[in-house]
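S.K.: Dumping the structure here so I can ask a few things about it.
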Amino acid sequence: MTSHSLWMTFALAALTLLLEILGLAGPYQERLVTNSSTMTANLNYALTHHSAYHVPYPYTANTLYHAFGTFGGTGMLLALLIAIYIGSDNHNYHVVARWSLLPSLFNSNGPLLTGLPVLYNPIYLIPFILAPLVNMGTAAIAIALHWIPPVVYPVPIGTPGPLIAFIGTNGNVVALGLGLINLALSVAIYLPFMRLAEAIVRAAQQSVGGDSNA
């Protein structure tokens, strides 16, 4: 696999994330990569050689984006949910987080996208794109250094995000640990933007309250 293919994977992931926050479908939408030729070739190699460390396509949407960049759905929104639980004092945010917890655990981001909202919100644009790309970068480095094998084995849709790489590598513990580290990194990325969004909401509420009292 050439470096061009690696960068193409990152470019298409960034495009998918940008389109998603604008309410549009991107090239890495789940149904578009299911049973792709690269996934089949990787799986056949792993089954034939009893190892996934030297598969022909180590840097793909499946091995990087879906395995490490979609915890809680597109944009790593499970990390935003955790950031709300640990860093927000906004009652409405916590209500949305409670209703979004179960869907987010199974990688459905709809409640958070529309509930906060994240959709069309420029404040969340940077972490929405940055968090998945950072996670993909750490995974690509780990694959290149042979710390983990690429994800080649089928994983059921809806598998909780941190378990995707673990199951898809046939139980590689390092892949599980990397997934948890990536989730923590994503929480750290989302926290300052969540607090900024919360501060803007608070200022707007105070402004409306001040105008009504005038």
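The way I read the labels, and the way they are meant: chains A, B, ... in the order of the structure tokens, residue 1 as the first residue of every chain, and ligand 1 as the first ligand shown, with later ones counted on from there.
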With only C-alpha atoms as the counted atoms, please give the residues lying no more than 6 Å from Pro160 of chain A, apart from itself and same-chain residues fewer than 3 positions off, as a list in words.

M.R.: Leu105, Phe106 and Leu163 of chain A

S.K.: Go ahead and dump the residues you just picked, N, CA, C and O atoms, as a PDB file, in the first residue's frame.

M.R.:
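So the final result, stored in out-v7.pdb, reads:
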```pdb
ATOM      1  N   LEU A 105     -23.582   4.622  22.291  1.00  0.00           N
ATOM      2  CA  LEU A 105     -22.820   3.408  22.590  1.00  0.00           C
ATOM      3  C   LEU A 105     -22.827   2.448  21.407  1.00  0.00           C
ATOM      4  O   LEU A 105     -21.883   1.677  21.211  1.00  0.00           O
ATOM      5  N   PHE A 106     -23.910   2.502  20.613  1.00  0.00           N
ATOM      6  CA  PHE A 106     -24.023   1.628  19.448  1.00  0.00           C
ATOM      7  C   PHE A 106     -23.824   2.396  18.148  1.00  0.00           C
ATOM      8  O   PHE A 106     -24.304   2.008  17.089  1.00  0.00           O
ATOM      9  N   LEU A 163     -14.828  -1.419  20.899  1.00  0.00           N
ATOM     10  CA  LEU A 163     -14.680  -2.865  20.690  1.00  0.00           C
ATOM     11  C   LEU A 163     -14.480  -3.235  19.223  1.00  0.00           C
ATOM     12  O   LEU A 163     -14.178  -4.391  18.915  1.00  0.00           O
TER      13      LEU A 163
END
```

S.K.: Determine, counting only C-alpha atoms, which protein, DNA and RNA residues have an atom within 8 Å of an atom of segment 123-140 of chain A; residues of the same chain fewer than 6 positions away are not included. Present the result as JSON, numbers by chain.

M.R.: {"A": [10, 13, 14, 17, 18, 21, 59, 64, 65, 68, 69, 70, 75, 76, 77, 178, 182, 185, 186, 189, 190, 193, 194, 196, 197]}

S.K.: Would you list the contacts of Val152 of chain A as a PyMOL selection string, taking every protein, DNA or RNA residue within 10 Å and counting only C-alpha atoms, but skipping same-chain residues closer than 5 positions in sequence?

M.R.: chain A and resi 38-47+51-53+55+57-58+62-63+67+165+167-170

S.K.: Output the selection as a PDB file, in the first residue's frame - C-alpha atoms for each residue.

M.R.:
```pdb
ATOM      1  CA  THR A  38     -10.189  -4.311  -0.303  1.00  0.00           C
ATOM      2  CA  MET A  39     -11.998  -5.824   2.689  1.00  0.00           C
ATOM      3  CA  THR A  40     -12.381  -9.112   0.812  1.00  0.00           C
ATOM      4  CA  ALA A  41      -8.719  -9.150  -0.226  1.00  0.00           C
ATOM      5  CA  ASN A  42      -7.559  -8.428   3.332  1.00  0.00           C
ATOM      6  CA  LEU A  43      -9.796 -11.096   4.819  1.00  0.00           C
ATOM      7  CA  ASN A  44      -8.698 -13.697   2.273  1.00  0.00           C
ATOM      8  CA  TYR A  45      -5.040 -12.909   3.001  1.00  0.00           C
ATOM      9  CA  ALA A  46      -5.543 -13.227   6.761  1.00  0.00           C
ATOM     10  CA  LEU A  47      -7.391 -16.527   6.413  1.00  0.00           C
ATOM     11  CA  SER A  51      -2.050 -13.476  10.116  1.00  0.00           C
ATOM     12  CA  ALA A  52      -3.313  -9.995   9.273  1.00  0.00           C
ATOM     13  CA  TYR A  53      -0.022  -8.146   9.743  1.00  0.00           C
ATOM     14  CA  VAL A  55      -2.444  -7.670   4.336  1.00  0.00           C
ATOM     15  CA  TYR A  57      -4.495  -2.986   2.021  1.00  0.00           C
ATOM     16  CA  PRO A  58      -3.619  -1.950   5.595  1.00  0.00           C
ATOM     17  CA  ASN A  62     -12.433  -0.147   7.253  1.00  0.00           C
ATOM     18  CA  THR A  63      -9.031  -0.500   8.962  1.00  0.00           C
ATOM     19  CA  ALA A  67     -12.378   0.918  13.224  1.00  0.00           C
ATOM     20  CA  ALA A 165     -10.818  -2.890  16.530  1.00  0.00           C
ATOM     21  CA  ILE A 167     -13.140  -7.790  17.467  1.00  0.00           C
ATOM     22  CA  GLY A 168     -11.917  -6.944  13.972  1.00  0.00           C
ATOM     23  CA  THR A 169      -8.360  -7.973  14.836  1.00  0.00           C
ATOM     24  CA  ASN A 170      -9.537 -11.263  16.331  1.00  0.00           C
TER      25      ASN A 170
END
```

S.K.: Find the residues near Leu24 of chain A: any atom within 12 Å, counting only C-alpha atoms, skip ones fewer than 5 places away on the same chain, and give them as a ChimeraX atom specification.

M.R.: /A:15-19,29,74,119-120

S.K.: Closest to Gly158 of chain A among A:Thr9, A:Asn90, A:Ser104, A:Thr48, using only C-alpha atoms?

M.R.: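 Checking each candidate against Gly158 of chain A, we get A:Ser104 as the closest.
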
S.K.: As an NGL selection string, please: all residues of segment 41-134 of chain A that backbone DSSP puts in helix (DSSP H, G or I).

M.R.: :A and (41-49 or 61-68 or 77-87 or 91-105 or 110-115 or 122-134)

S.K.: What's the 8 Å shell around Gly87 of chain A, counting only C-alpha atoms, without same-chain residues fewer than 2 positions away, as an MDAnalysis selection string?

M.R.: chainID A and resid 83:85 89 191 195

S.K.: Can you measure atom CA of Ile164 of chain A to atom CA of Val118 of chain A for me? One decimal in Å is fine.

M.R.: 24.1 Å
